[in-house]
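For reference, run_16.txt (compact mmCIF, C-alpha atoms):
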```txt
# COMPACT_ATOMS: atom_id res chain seq x y z
CA MET A 1 -80.74 98.76 -30.77
CA LEU A 2 -77.04 98.03 -30.25
CA LYS A 3 -76.43 101.69 -29.52
CA ASN A 4 -79.18 101.65 -26.88
CA PHE A 5 -77.64 98.48 -25.38
CA LYS A 6 -74.22 100.18 -25.12
CA LYS A 7 -75.79 103.20 -23.49
CA LYS A 8 -77.50 101.04 -20.84
CA ILE A 9 -74.27 99.13 -20.02
CA PRO A 10 -71.28 101.32 -19.22
CA ARG A 11 -68.09 100.46 -21.10
CA THR A 12 -66.24 99.76 -17.82
CA ALA A 13 -68.83 97.21 -16.78
CA LEU A 14 -68.64 95.51 -20.16
CA LEU A 15 -64.85 95.22 -19.95
CA PHE A 16 -65.16 93.88 -16.40
CA PHE A 17 -67.63 91.26 -17.59
CA ILE A 18 -65.33 90.16 -20.41
CA LEU A 19 -62.41 89.97 -17.97
CA CYS A 20 -64.40 87.79 -15.55
CA VAL A 21 -65.48 85.43 -18.33
CA SER A 22 -61.85 85.11 -19.49
CA VAL A 23 -60.62 84.37 -15.97
CA ILE A 24 -63.31 81.73 -15.46
CA PHE A 25 -62.51 80.17 -18.84
CA PHE A 26 -58.80 79.80 -18.12
CA ALA A 27 -59.49 78.66 -14.56
CA VAL A 28 -61.68 75.84 -15.91
CA ILE A 29 -58.88 74.78 -18.28
CA ILE A 30 -56.29 74.81 -15.48
CA ILE A 31 -58.55 72.91 -13.07
CA PHE A 32 -59.85 70.29 -15.46
CA THR A 33 -56.59 69.46 -17.21
CA PRO A 34 -55.23 67.52 -14.19
CA VAL A 35 -58.72 66.14 -13.59
CA SER A 36 -58.78 64.78 -17.15
CA ASN A 37 -55.33 63.31 -16.58
CA ILE A 38 -56.57 61.58 -13.44
CA LEU A 39 -59.64 60.25 -15.25
CA SER A 40 -57.53 58.96 -18.13
CA SER A 41 -55.19 57.33 -15.61
CA LEU A 42 -58.11 55.59 -13.96
CA LEU A 43 -59.35 54.38 -17.33
CA GLU A 44 -55.90 53.15 -18.28
CA ASN A 45 -55.73 51.17 -15.06
CA ASP A 46 -58.30 48.66 -13.82
CA LEU A 47 -60.07 50.81 -11.20
CA LYS A 48 -63.58 49.81 -12.21
CA TYR A 49 -62.64 46.14 -12.50
CA THR A 50 -60.90 46.16 -9.14
CA PHE A 51 -63.72 48.14 -7.53
CA ASP A 52 -66.31 45.61 -8.74
CA LYS A 53 -64.22 42.72 -7.44
CA GLU A 54 -63.65 44.27 -4.03
CA LYS A 55 -67.08 45.69 -3.22
CA TYR A 56 -68.57 42.45 -1.85
CA ASP A 57 -67.08 40.47 1.00
CA ASP A 58 -67.24 36.72 1.53
CA SER A 59 -70.76 36.93 2.95
CA ASN A 60 -71.92 38.89 -0.13
CA ASN A 61 -72.36 42.07 1.92
CA PHE A 62 -71.52 45.40 0.33
CA ASN A 63 -68.08 46.27 1.66
CA ILE A 64 -65.51 48.54 0.01
CA ASP A 65 -61.90 48.46 1.14
CA PHE A 66 -60.53 51.52 -0.66
CA ASN A 67 -57.04 50.91 0.73
CA GLN A 68 -56.95 47.46 -0.83
CA ILE A 69 -58.25 48.85 -4.14
CA LEU A 70 -55.59 51.54 -4.26
CA MET A 71 -52.90 49.04 -3.27
CA LYS A 72 -53.89 46.72 -6.12
CA LEU A 73 -53.78 49.61 -8.58
CA SER A 74 -50.49 50.86 -7.16
CA PHE A 75 -48.51 47.64 -7.15
CA PRO A 76 -48.80 45.35 -10.19
CA GLY A 77 -47.55 42.41 -8.12
CA ILE A 78 -49.68 42.89 -5.00
CA ASN A 79 -51.79 39.84 -5.89
CA ASN A 80 -48.90 37.66 -4.76
CA ILE A 81 -50.33 38.12 -1.26
CA ASN A 82 -53.51 36.46 -2.46
CA ASP A 83 -51.43 33.76 -4.17
CA TYR A 84 -49.83 33.09 -0.78
CA LYS A 85 -53.25 32.65 0.86
CA LEU A 86 -54.48 30.44 -1.99
CA GLU A 87 -51.44 28.20 -1.80
CA ASN A 88 -51.96 27.67 1.92
CA TYR A 89 -55.63 26.92 1.32
CA TYR A 90 -54.95 24.26 -1.31
CA ARG A 91 -52.16 22.73 0.74
CA GLY A 92 -54.68 22.37 3.57
CA LEU A 93 -57.15 20.64 1.23
CA ASN A 94 -54.46 18.21 0.20
CA GLY A 95 -53.49 17.44 3.77
CA ALA A 96 -50.09 19.08 3.49
CA ASP A 97 -48.47 20.63 6.50
CA ASN A 98 -47.99 24.34 5.79
CA ASN A 99 -44.86 24.34 7.90
CA ASN A 100 -43.37 21.31 6.21
CA GLN A 101 -42.12 22.15 2.75
CA GLU A 102 -40.91 18.77 1.72
CA THR A 103 -39.05 20.15 -1.31
CA GLY A 104 -37.68 23.14 0.57
CA ASP A 105 -39.21 25.57 -1.94
CA SER A 106 -42.23 27.85 -2.14
CA LEU A 107 -45.73 26.80 -1.18
CA SER A 108 -46.84 26.74 -4.81
CA VAL A 109 -45.91 23.06 -5.23
CA LEU A 110 -48.97 20.99 -4.36
CA GLN A 111 -49.27 17.22 -4.34
CA ILE A 112 -52.23 16.36 -6.57
CA GLU A 113 -51.79 12.66 -7.20
CA GLU A 114 -49.01 10.13 -7.18
CA GLY A 115 -46.24 11.11 -9.57
CA LYS A 116 -47.65 14.56 -10.40
CA LYS A 117 -47.18 18.03 -8.97
CA TYR A 118 -49.04 21.22 -9.69
CA ASN A 119 -47.64 24.69 -10.20
CA PRO A 120 -50.30 27.42 -10.46
CA TYR A 121 -47.95 29.52 -12.59
CA GLU A 122 -48.22 26.90 -15.35
CA ASN A 123 -51.90 25.98 -14.91
CA ILE A 124 -51.29 22.31 -15.81
CA PRO A 125 -50.11 19.30 -13.79
CA LEU A 126 -46.50 18.29 -14.37
CA LYS A 127 -45.62 14.65 -14.64
CA ASP A 128 -42.77 13.81 -12.29
CA ASP A 129 -40.45 12.27 -14.90
CA GLY A 130 -37.27 12.87 -12.94
CA SER A 131 -36.87 16.46 -14.10
CA ILE A 132 -38.50 17.82 -10.92
CA LEU A 133 -35.88 18.29 -8.20
CA SER A 134 -35.82 19.56 -4.66
CA ILE A 135 -34.78 23.17 -4.34
CA TYR A 136 -31.25 22.43 -3.16
CA ASP A 137 -30.71 19.86 -5.91
CA LEU A 138 -31.88 22.49 -8.35
CA TYR A 139 -29.31 24.95 -7.03
CA GLU A 140 -26.53 22.47 -7.74
CA TYR A 141 -27.95 21.51 -11.11
CA TYR A 142 -28.35 25.14 -12.22
CA GLN A 143 -24.81 25.96 -11.19
CA ALA A 144 -23.50 23.11 -13.30
CA ALA A 145 -25.65 24.13 -16.26
CA SER A 146 -25.24 27.93 -16.19
CA GLY A 147 -22.07 28.49 -14.20
CA ALA A 148 -23.93 30.79 -11.82
CA LYS A 149 -23.87 29.74 -8.18
CA ILE A 150 -27.47 29.82 -6.89
CA GLU A 151 -28.30 29.63 -3.18
CA ASP A 152 -30.95 30.68 -0.69
CA ALA A 153 -30.76 34.36 0.18
CA THR A 154 -29.27 35.15 3.59
CA PRO A 155 -32.02 34.32 6.13
CA ASN A 156 -33.30 36.78 8.69
CA PRO A 157 -31.07 36.11 11.73
CA LEU A 158 -33.54 37.44 14.32
CA SER A 159 -35.80 35.24 16.42
CA ASP A 160 -39.35 36.40 17.07
CA SER A 161 -38.37 37.46 20.59
CA GLU A 162 -35.67 39.75 19.19
CA ILE A 163 -38.13 41.74 17.07
CA PRO A 164 -39.48 44.73 19.09
CA PRO A 165 -43.18 44.70 20.04
CA GLY A 166 -45.30 46.34 17.34
CA SER A 167 -42.71 45.56 14.66
CA TYR A 168 -42.81 42.88 11.99
CA ARG A 169 -40.33 40.51 10.41
CA ILE A 170 -38.89 40.88 6.90
CA THR A 171 -38.46 37.42 5.41
CA PRO A 172 -36.56 36.53 2.22
CA LYS A 173 -38.29 34.00 -0.01
CA ASN A 174 -37.56 32.41 -3.37
CA TYR A 175 -40.44 33.41 -5.68
CA SER A 176 -39.00 31.97 -8.90
CA GLY A 177 -41.49 29.09 -9.02
CA GLN A 178 -38.89 26.87 -10.73
CA LYS A 179 -39.14 23.13 -10.16
CA THR A 180 -37.41 21.44 -13.09
CA LYS A 181 -33.87 20.85 -14.32
CA VAL A 182 -34.41 23.15 -17.29
CA PRO A 183 -35.87 26.46 -15.97
CA LYS A 184 -39.36 26.86 -17.41
CA LEU A 185 -41.02 29.97 -18.79
CA LEU A 186 -43.63 30.57 -16.10
CA ILE A 187 -46.55 32.97 -16.14
CA ASN A 188 -48.97 34.32 -13.56
CA ASN A 189 -51.88 34.93 -15.93
CA GLN A 190 -54.52 37.27 -14.51
CA THR A 191 -56.40 37.73 -17.78
CA SER A 192 -59.09 35.83 -19.66
CA TYR A 193 -56.59 34.94 -22.40
CA THR A 194 -55.08 31.46 -22.70
CA VAL A 195 -51.32 31.93 -22.97
CA ASP A 196 -48.50 29.42 -23.39
CA LEU A 197 -45.16 31.22 -23.20
CA ASN A 198 -43.52 28.42 -25.18
CA ASP A 199 -45.52 29.64 -28.18
CA TYR A 200 -44.21 33.17 -27.71
CA ILE A 201 -40.57 32.21 -27.50
CA GLU A 202 -41.05 30.58 -30.92
CA LYS A 203 -42.37 33.81 -32.42
CA LYS A 204 -40.15 36.17 -34.38
CA TYR A 205 -38.41 38.74 -32.18
CA PRO A 206 -40.76 41.73 -32.48
CA ILE A 207 -38.36 44.69 -32.27
CA GLU A 208 -36.62 45.90 -35.41
CA PRO A 209 -32.81 46.32 -35.29
CA PHE A 210 -31.28 49.76 -34.79
CA ASP A 211 -28.40 51.33 -36.66
CA PRO A 212 -25.33 51.17 -34.35
CA GLN A 213 -23.82 54.10 -36.25
CA ILE A 214 -26.63 56.35 -35.02
CA LYS A 215 -26.14 57.36 -31.40
CA ASP A 216 -29.73 58.41 -30.72
CA PRO A 217 -31.23 56.49 -27.77
CA VAL A 218 -32.73 53.07 -28.37
CA VAL A 219 -33.91 52.48 -24.80
CA LEU A 220 -35.94 54.80 -22.56
CA ILE A 221 -35.87 54.06 -18.82
CA LEU A 222 -38.28 55.78 -16.43
CA ASP A 223 -40.27 55.14 -13.25
CA THR A 224 -44.03 55.68 -13.10
CA HIS A 225 -43.94 55.18 -9.33
CA SER A 226 -40.69 57.06 -8.90
CA THR A 227 -40.89 57.52 -5.12
CA GLU A 228 -40.94 53.76 -4.39
CA SER A 229 -38.00 52.94 -2.17
CA TYR A 230 -36.28 50.11 -0.32
CA VAL A 231 -35.05 49.44 3.21
CA GLU A 232 -31.50 50.20 4.27
CA ASP A 233 -29.00 47.35 4.23
CA GLY A 234 -29.17 45.23 7.37
CA THR A 235 -32.86 45.96 8.06
CA GLU A 236 -34.55 42.83 9.40
CA TYR A 237 -37.87 44.26 10.64
CA TYR A 238 -40.07 47.33 10.29
CA ALA A 239 -42.71 49.15 12.31
CA PRO A 240 -46.11 50.22 10.86
CA PRO A 241 -47.87 52.35 9.75
CA PHE A 242 -45.27 52.51 6.97
CA THR A 243 -46.28 49.58 4.78
CA ALA A 244 -44.31 50.74 1.75
CA GLU A 245 -41.36 53.11 1.91
CA ARG A 246 -41.43 56.16 -0.34
CA THR A 247 -39.16 59.15 -0.79
CA THR A 248 -38.60 61.93 -3.31
CA ASP A 249 -34.83 61.59 -2.84
CA THR A 250 -33.63 60.11 -6.15
CA ASN A 251 -30.60 58.67 -4.36
CA LYS A 252 -32.92 56.61 -2.17
CA ASN A 253 -35.70 55.42 -4.48
CA VAL A 254 -36.19 53.39 -7.66
CA VAL A 255 -34.65 56.17 -9.75
CA LEU A 256 -31.29 55.08 -8.33
CA VAL A 257 -31.95 51.48 -9.41
CA ALA A 258 -33.04 52.67 -12.87
CA THR A 259 -29.76 54.59 -13.11
CA GLU A 260 -27.86 51.36 -12.37
CA LEU A 261 -29.76 49.64 -15.17
CA ARG A 262 -28.94 52.50 -17.54
CA LYS A 263 -25.23 52.32 -16.71
CA LYS A 264 -25.13 48.58 -17.36
CA LEU A 265 -26.76 48.97 -20.79
CA GLU A 266 -24.35 51.76 -21.66
CA GLU A 267 -21.42 49.49 -20.77
CA TYR A 268 -22.55 47.34 -23.69
CA GLY A 269 -22.68 50.33 -26.02
CA ILE A 270 -26.46 50.58 -26.11
CA PRO A 271 -27.71 54.21 -26.37
CA VAL A 272 -30.04 54.92 -23.44
CA VAL A 273 -31.97 57.94 -22.21
CA GLN A 274 -33.36 58.07 -18.68
CA SER A 275 -36.13 60.22 -17.23
CA THR A 276 -35.70 60.98 -13.52
CA LYS A 277 -39.02 62.80 -13.31
CA LEU A 278 -41.02 61.97 -10.17
CA HIS A 279 -44.30 61.03 -11.79
CA ASP A 280 -46.11 60.10 -8.57
CA ALA A 281 -44.84 62.84 -6.25
CA VAL A 282 -47.63 65.36 -6.86
CA SER A 283 -50.53 62.97 -7.46
CA TYR A 284 -50.02 59.27 -7.03
CA ILE A 285 -53.28 58.31 -8.68
CA ALA A 286 -52.37 60.26 -11.86
CA SER A 287 -48.85 58.84 -12.10
CA TYR A 288 -49.56 56.67 -15.16
CA ALA A 289 -51.07 59.64 -17.00
CA ARG A 290 -47.96 61.66 -16.25
CA SER A 291 -45.53 58.91 -17.24
CA LEU A 292 -47.43 58.50 -20.52
CA GLU A 293 -46.83 62.19 -21.20
CA THR A 294 -43.12 61.65 -20.53
CA MET A 295 -43.02 58.65 -22.89
CA ASN A 296 -44.68 60.61 -25.68
CA GLU A 297 -42.33 63.56 -25.18
CA TYR A 298 -39.26 61.34 -25.52
CA LEU A 299 -40.70 59.41 -28.47
CA ALA A 300 -41.41 62.69 -30.26
CA LYS A 301 -37.85 63.85 -29.61
CA TYR A 302 -36.19 60.47 -30.26
CA PRO A 303 -38.16 58.34 -32.76
CA SER A 304 -35.22 55.93 -32.49
CA ILE A 305 -36.56 54.60 -29.13
CA LYS A 306 -37.63 50.96 -29.46
CA TYR A 307 -37.63 49.81 -25.83
CA ILE A 308 -39.29 51.42 -22.82
CA ILE A 309 -38.45 50.00 -19.39
CA ASP A 310 -40.74 51.26 -16.62
CA LEU A 311 -38.91 50.25 -13.45
CA HIS A 312 -40.96 49.70 -10.28
CA ARG A 313 -40.65 48.05 -6.89
CA ASP A 314 -43.23 45.47 -5.77
CA SER A 315 -44.93 45.22 -2.37
CA ILE A 316 -45.57 41.85 -0.70
CA ILE A 317 -47.03 42.11 2.80
CA ALA A 318 -48.96 39.31 4.49
CA ASP A 319 -52.11 39.90 6.54
CA THR A 320 -50.01 39.22 9.63
CA GLY A 321 -47.86 42.26 8.81
CA GLU A 322 -44.86 40.19 7.79
CA LYS A 323 -43.05 41.46 4.70
CA PHE A 324 -41.75 38.95 2.19
CA LYS A 325 -38.88 40.00 -0.02
CA PRO A 326 -38.25 38.04 -3.23
CA ALA A 327 -34.56 37.23 -3.02
CA ILE A 328 -31.95 34.71 -4.10
CA LYS A 329 -28.18 34.53 -3.66
CA ILE A 330 -26.32 34.59 -6.99
CA ASN A 331 -22.55 34.10 -7.07
CA GLY A 332 -22.27 34.80 -3.36
CA ARG A 333 -24.32 38.03 -3.30
CA ASP A 334 -27.95 38.50 -2.25
CA SER A 335 -30.05 39.74 -5.16
CA ALA A 336 -33.63 40.90 -5.32
CA GLN A 337 -35.69 38.81 -7.69
CA VAL A 338 -37.36 40.63 -10.58
CA MET A 339 -40.72 40.33 -12.28
CA LEU A 340 -41.78 41.38 -15.77
CA VAL A 341 -45.33 42.77 -15.89
CA ILE A 342 -47.13 42.79 -19.23
CA GLY A 343 -50.42 44.59 -19.80
CA THR A 344 -53.12 43.57 -22.28
CA ASP A 345 -56.35 44.89 -23.77
CA ASP A 346 -58.36 42.49 -21.61
CA GLY A 347 -59.70 45.40 -19.56
CA GLY A 348 -60.99 47.16 -22.68
CA ALA A 349 -58.13 49.62 -23.26
CA TYR A 350 -56.63 50.06 -26.73
CA HIS A 351 -53.46 47.97 -26.80
CA PRO A 352 -52.53 46.44 -30.17
CA ASN A 353 -48.95 45.69 -29.10
CA TRP A 354 -49.49 43.50 -26.08
CA ARG A 355 -48.56 40.23 -27.82
CA ASP A 356 -45.36 41.87 -29.08
CA ASN A 357 -44.65 43.08 -25.55
CA LEU A 358 -45.22 39.55 -24.24
CA THR A 359 -42.93 38.08 -26.91
CA PHE A 360 -40.19 40.51 -25.91
CA ALA A 361 -40.75 39.63 -22.24
CA ALA A 362 -40.59 35.89 -22.99
CA TYR A 363 -37.25 36.34 -24.77
CA LEU A 364 -35.88 38.38 -21.85
CA GLU A 365 -37.23 35.91 -19.29
CA LYS A 366 -35.51 33.05 -21.12
CA ASN A 367 -32.23 34.96 -21.17
CA MET A 368 -32.45 35.48 -17.42
CA ASN A 369 -33.36 31.82 -16.86
CA ASP A 370 -30.39 30.66 -18.92
CA LYS A 371 -27.82 33.04 -17.47
CA TYR A 372 -29.00 33.51 -13.87
CA PRO A 373 -31.63 30.85 -13.03
CA MET A 374 -34.17 31.96 -10.41
CA LEU A 375 -33.34 35.66 -10.80
CA ALA A 376 -36.74 36.08 -12.47
CA ARG A 377 -40.16 35.48 -11.00
CA PRO A 378 -42.97 34.32 -13.34
CA ILE A 379 -44.15 36.90 -15.87
CA ASN A 380 -47.24 38.70 -14.59
CA LEU A 381 -49.89 39.10 -17.34
CA ARG A 382 -52.52 41.73 -16.47
CA ASP A 383 -55.75 43.11 -17.91
CA ALA A 384 -54.64 46.76 -17.59
CA ARG A 385 -52.24 48.10 -20.21
CA PHE A 386 -49.83 50.16 -18.03
CA ASN A 387 -48.85 52.49 -20.91
CA GLU A 388 -47.21 49.57 -22.73
CA HIS A 389 -49.16 50.28 -25.91
CA VAL A 390 -46.66 52.93 -27.04
CA THR A 391 -43.93 50.55 -28.31
CA LYS A 392 -43.50 46.86 -29.11
CA GLY A 393 -40.64 46.70 -26.61
CA SER A 394 -42.42 48.07 -23.54
CA VAL A 395 -42.36 46.29 -20.19
CA ILE A 396 -42.74 46.97 -16.48
CA LEU A 397 -39.73 45.69 -14.57
CA GLU A 398 -40.45 45.06 -10.89
CA VAL A 399 -37.16 44.98 -9.00
CA GLY A 400 -37.62 43.37 -5.58
CA SER A 401 -40.22 44.38 -3.06
CA CYS A 402 -40.62 46.81 -0.15
CA GLY A 403 -38.64 44.42 2.06
CA ASN A 404 -35.58 44.27 -0.16
CA THR A 405 -32.47 46.35 0.50
CA PHE A 406 -30.83 48.85 -1.82
CA SER A 407 -27.84 46.55 -2.34
CA GLU A 408 -30.11 43.68 -3.40
CA ALA A 409 -32.05 45.89 -5.80
CA LEU A 410 -28.93 47.43 -7.36
CA TYR A 411 -27.34 44.01 -7.88
CA ALA A 412 -30.54 42.76 -9.53
CA ALA A 413 -30.57 45.76 -11.88
CA ASP A 414 -26.98 44.98 -12.81
CA LEU A 415 -27.81 41.34 -13.62
CA VAL A 416 -30.97 42.22 -15.57
CA GLY A 417 -29.07 44.91 -17.46
CA GLU A 418 -26.54 42.32 -18.58
CA CYS A 419 -29.27 39.95 -19.82
CA LEU A 420 -31.20 42.75 -21.53
CA ALA A 421 -28.13 44.19 -23.23
CA GLU A 422 -27.10 40.79 -24.61
CA LEU A 423 -30.66 40.21 -25.86
CA ILE A 424 -30.80 43.54 -27.66
CA LEU A 425 -27.40 43.06 -29.29
CA GLU A 426 -28.17 39.46 -30.24
CA HIS A 427 -31.23 40.57 -32.21
CA ASN A 428 -29.70 43.67 -33.74
```
Could I get this structure in the form of structure tokens?
Amino acid sequence: MLKNFKKKIPRTALLFFILCVSVIFFAVIIIFTPVSNILSSLLENDLKYTFDKEKYDDSNNFNIDFNQILMKLSFPGINNINDYKLENYYRGLNGADNNNQETGDSLSVLQIEEGKKYNPYENIPLKDDGSILSIYDLYEYYQAASGAKIEDATPNPLSDSEIPPGSYRITPKNYSGQKTKVPKLLINNQTSYTVDLNDYIEKKYPIEPFDPQIKDPVVLILDTHSTESYVEDGTEYYAPPFTAERTTDTNKNVVLVATELRKKLEEYGIPVVQSTKLHDAVSYIASYARSLETMNEYLAKYPSIKYIIDLHRDSIIADTGEKFKPAIKINGRDSAQVMLVIGTDDGGAYHPNWRDNLTFAAYLEKNMNDKYPMLARPINLRDARFNEHVTKGSVILEVGSCGNTFSEALYAADLVGECLAELILEHN
């Protein structure tokens, strides 16, 4: 029967058939490998959760804003825009004048009742026992306590009439959330977990010491959103449609800032390896899948790696088009403020290390509060895991926002690097 089958089908045709099947097979592998990466990236991030939250508008009508969904997935700190709206809303309920910040600080201080103030980053009312100071009194107090001179960042010098039509202002703003004489450990908790950072700073430091005699890298620095960039020094306004600057030039994006962080750690003798791979250049939506591949490659090559710093740049843009840049002046120089983003398993992803990550972040946040008060914004706790499950010392470091300048971002990386290096050496 087989002989008859071979006679009916010429050998050439059979070979051609086998060749076609092979081509199709390998084509499917090539096509679906990036597709699987994209799908895994979507699962690792909170696409479904965000989609469900965004699909209904205020009138309960079905309405999907895909741009907003992608923005929320792209920028871990984008919800600060919504914080800004919420703060204005509550201030209105309490009869406060949105243009009259009696303490001179951010809008997150709300008068609830006599003698108490509320800070949404702490989720509990604070009794005004004399430890709560106005922003400028805090600057003086912090300088006396830490030795670091803290001031408002240089304000935008342009009046509204000086900004060209169709362009929008870039406004510096202090996003530290600090109100008290002793800088508090603050958290912007966007999960269902109840978290008190004071409990975490009491926990044992979660990362094991490394052998200083071994020169293999202890810290891996990379950028999942490598093309994120900043504005040039002296930029006071911008023109749409460019809501967030991006470039593949590693001398003009966050890779440059990551390099500054690496150099500062190396000054302290800490072995560091840096990936300059542009994980979001080919496919932005698959960037977390690609950066996870990079992490695993380095961990396989250097099992000595204990810390992974994924350096990003935030984006804070109001509905009016105005960009807010988190900034503070430290020792006479404008610095971008930074934010630590910690993922959890709250969205359903496997993440056994998130409490270790949060403990590490709490220790680092305290170091920054002690050494350079107001450099750090509140820790942002999220329900996505952001690839932080791979080590106990993983964290996203948001340096500034899309309105900050390169000089501000580089200075912030230098200050954070100093705090991080001292923390690592202290616990080694």
_Here is a test: counting only C-alpha atoms, which residue of A:Arg377, A:Gly321, A:Asp383, A:Pro271 is nearest to Phe210 (chain A)?_
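That would be A:Pro271, the residue with the smallest distance to Phe210 (chain A).
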*Got a sec: who's within 7 Å of Thr405 (chain A), counting all atoms listed in the file, leaving out chain neighbours fewer than 2 positions off, as a list in words?*
Tyr230, Val231, Glu232, Asp233, Gly403, Ser407, Glu408 and Ala409 of chain A
_One decimal, in Å: what's the spacing between CA of Leu311 (chain A) and CA of Ile135 (chain A)?_
28.9 Å
Padding 5 Å on each side, edges along x, y and z: where is the centre of the box around the listed atoms of region 389-394 of chain A, and how long are its edges in Å to one decimal? Output it as JSON.
```
{"center_x": -44.9, "center_y": 49.8, "center_z": -26.3, "size_x": 18.5, "size_y": 16.2, "size_z": 15.6}
```
*Please measure the separation of CA of Pro240 (chain A) and CA of Val341 (chain A), giving the value in Å to one decimal.*
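For CA of Pro240 (chain A) relative to CA of Val341 (chain A), the distance reads 27.8 Å.
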*Nearest residue to Thr180 (chain A) from the set A:Pro378, A:Gly393, A:Gly130, A:Gly234 (distances using all atoms listed in the file)*: A:Gly130
_Long-range neighbours of region 217-226 of chain A as a PyMOL selection string, 7 Å cut-off, only C-alpha atoms, 3 positions minimum in chain_ = chain A and resi 253-255+258+271-276+278-280+287-288+291+302+304-312
With C-alpha atoms kept, could you save the residues just selected as a PDB file, in the frame of the given file?
```pdb
ATOM      1  CA  ASN A 253     -35.700  55.420  -4.480  1.00  0.00           C
ATOM      2  CA  VAL A 254     -36.190  53.390  -7.660  1.00  0.00           C
ATOM      3  CA  VAL A 255     -34.650  56.170  -9.750  1.00  0.00           C
ATOM      4  CA  ALA A 258     -33.040  52.670 -12.870  1.00  0.00           C
ATOM      5  CA  PRO A 271     -27.710  54.210 -26.370  1.00  0.00           C
ATOM      6  CA  VAL A 272     -30.040  54.920 -23.440  1.00  0.00           C
ATOM      7  CA  VAL A 273     -31.970  57.940 -22.210  1.00  0.00           C
ATOM      8  CA  GLN A 274     -33.360  58.070 -18.680  1.00  0.00           C
ATOM      9  CA  SER A 275     -36.130  60.220 -17.230  1.00  0.00           C
ATOM     10  CA  THR A 276     -35.700  60.980 -13.520  1.00  0.00           C
ATOM     11  CA  LEU A 278     -41.020  61.970 -10.170  1.00  0.00           C
ATOM     12  CA  HIS A 279     -44.300  61.030 -11.790  1.00  0.00           C
ATOM     13  CA  ASP A 280     -46.110  60.100  -8.570  1.00  0.00           C
ATOM     14  CA  SER A 287     -48.850  58.840 -12.100  1.00  0.00           C
ATOM     15  CA  TYR A 288     -49.560  56.670 -15.160  1.00  0.00           C
ATOM     16  CA  SER A 291     -45.530  58.910 -17.240  1.00  0.00           C
ATOM     17  CA  TYR A 302     -36.190  60.470 -30.260  1.00  0.00           C
ATOM     18  CA  SER A 304     -35.220  55.930 -32.490  1.00  0.00           C
ATOM     19  CA  ILE A 305     -36.560  54.600 -29.130  1.00  0.00           C
ATOM     20  CA  LYS A 306     -37.630  50.960 -29.460  1.00  0.00           C
ATOM     21  CA  TYR A 307     -37.630  49.810 -25.830  1.00  0.00           C
ATOM     22  CA  ILE A 308     -39.290  51.420 -22.820  1.00  0.00           C
ATOM     23  CA  ILE A 309     -38.450  50.000 -19.390  1.00  0.00           C
ATOM     24  CA  ASP A 310     -40.740  51.260 -16.620  1.00  0.00           C
ATOM     25  CA  LEU A 311     -38.910  50.250 -13.450  1.00  0.00           C
ATOM     26  CA  HIS A 312     -40.960  49.700 -10.280  1.00  0.00           C
TER      27      HIS A 312
END
```
*Would you mind listing what lies within 10 Å of Thr191 (chain A) as a PyMOL selection string, with only C-alpha atoms counted and same-chain residues fewer than 5 positions away left out?*
chain A and resi 343-347+380-384
*Counting only C-alpha atoms, the residue of A:Glu245, A:Glu202, A:Asp196, A:Glu140 that sits nearest Thr227 (chain A)*: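 Going through A:Glu245, A:Glu202, A:Asp196, A:Glu140 one by one, the smallest distance to Thr227 (chain A) is for A:Glu245.
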_Using Å and a single decimal, report how far CA of Ala413 (chain A) sits from CA of Pro157 (chain A)._
25.5 Å
*For each of A:Val182, A:Val195, A:Ile170, A:Val416, take the minimum atom-to-atom distance to Ser131 (chain A), counting only C-alpha atoms, then give the residue where this is smallest.*
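Among the listed residues, the smallest separation from Ser131 (chain A) belongs to A:Val182.
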_Neighbour list for Gly400 (chain A) as a PyMOL selection string, cut-off 7 Å, only C-alpha atoms, skip fewer than 5 positions in-chain_ = chain A and resi 313-314+325-326+336-338+409
Go ahead and write the selection's residues with C-alpha atoms as a PDB file, in the coordinates of the input.
```pdb
ATOM      1  CA  ARG A 313     -40.650  48.050  -6.890  1.00  0.00           C
ATOM      2  CA  ASP A 314     -43.230  45.470  -5.770  1.00  0.00           C
ATOM      3  CA  LYS A 325     -38.880  40.000  -0.020  1.00  0.00           C
ATOM      4  CA  PRO A 326     -38.250  38.040  -3.230  1.00  0.00           C
ATOM      5  CA  ALA A 336     -33.630  40.900  -5.320  1.00  0.00           C
ATOM      6  CA  GLN A 337     -35.690  38.810  -7.690  1.00  0.00           C
ATOM      7  CA  VAL A 338     -37.360  40.630 -10.580  1.00  0.00           C
ATOM      8  CA  ALA A 409     -32.050  45.890  -5.800  1.00  0.00           C
TER       9      ALA A 409
END
```
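If you measure from each of A:Lys204, A:Thr154, A:Leu425, A:Val390 to Pro303 (chain A) using all atoms listed in the file, the closest one turns out to be A:Val390.
Take the candidates A:His427, A:His389, A:Lys252, A:Lys277 and check each one against Trp354 (chain A) using only C-alpha atoms; the shortest distance goes to A:His389.
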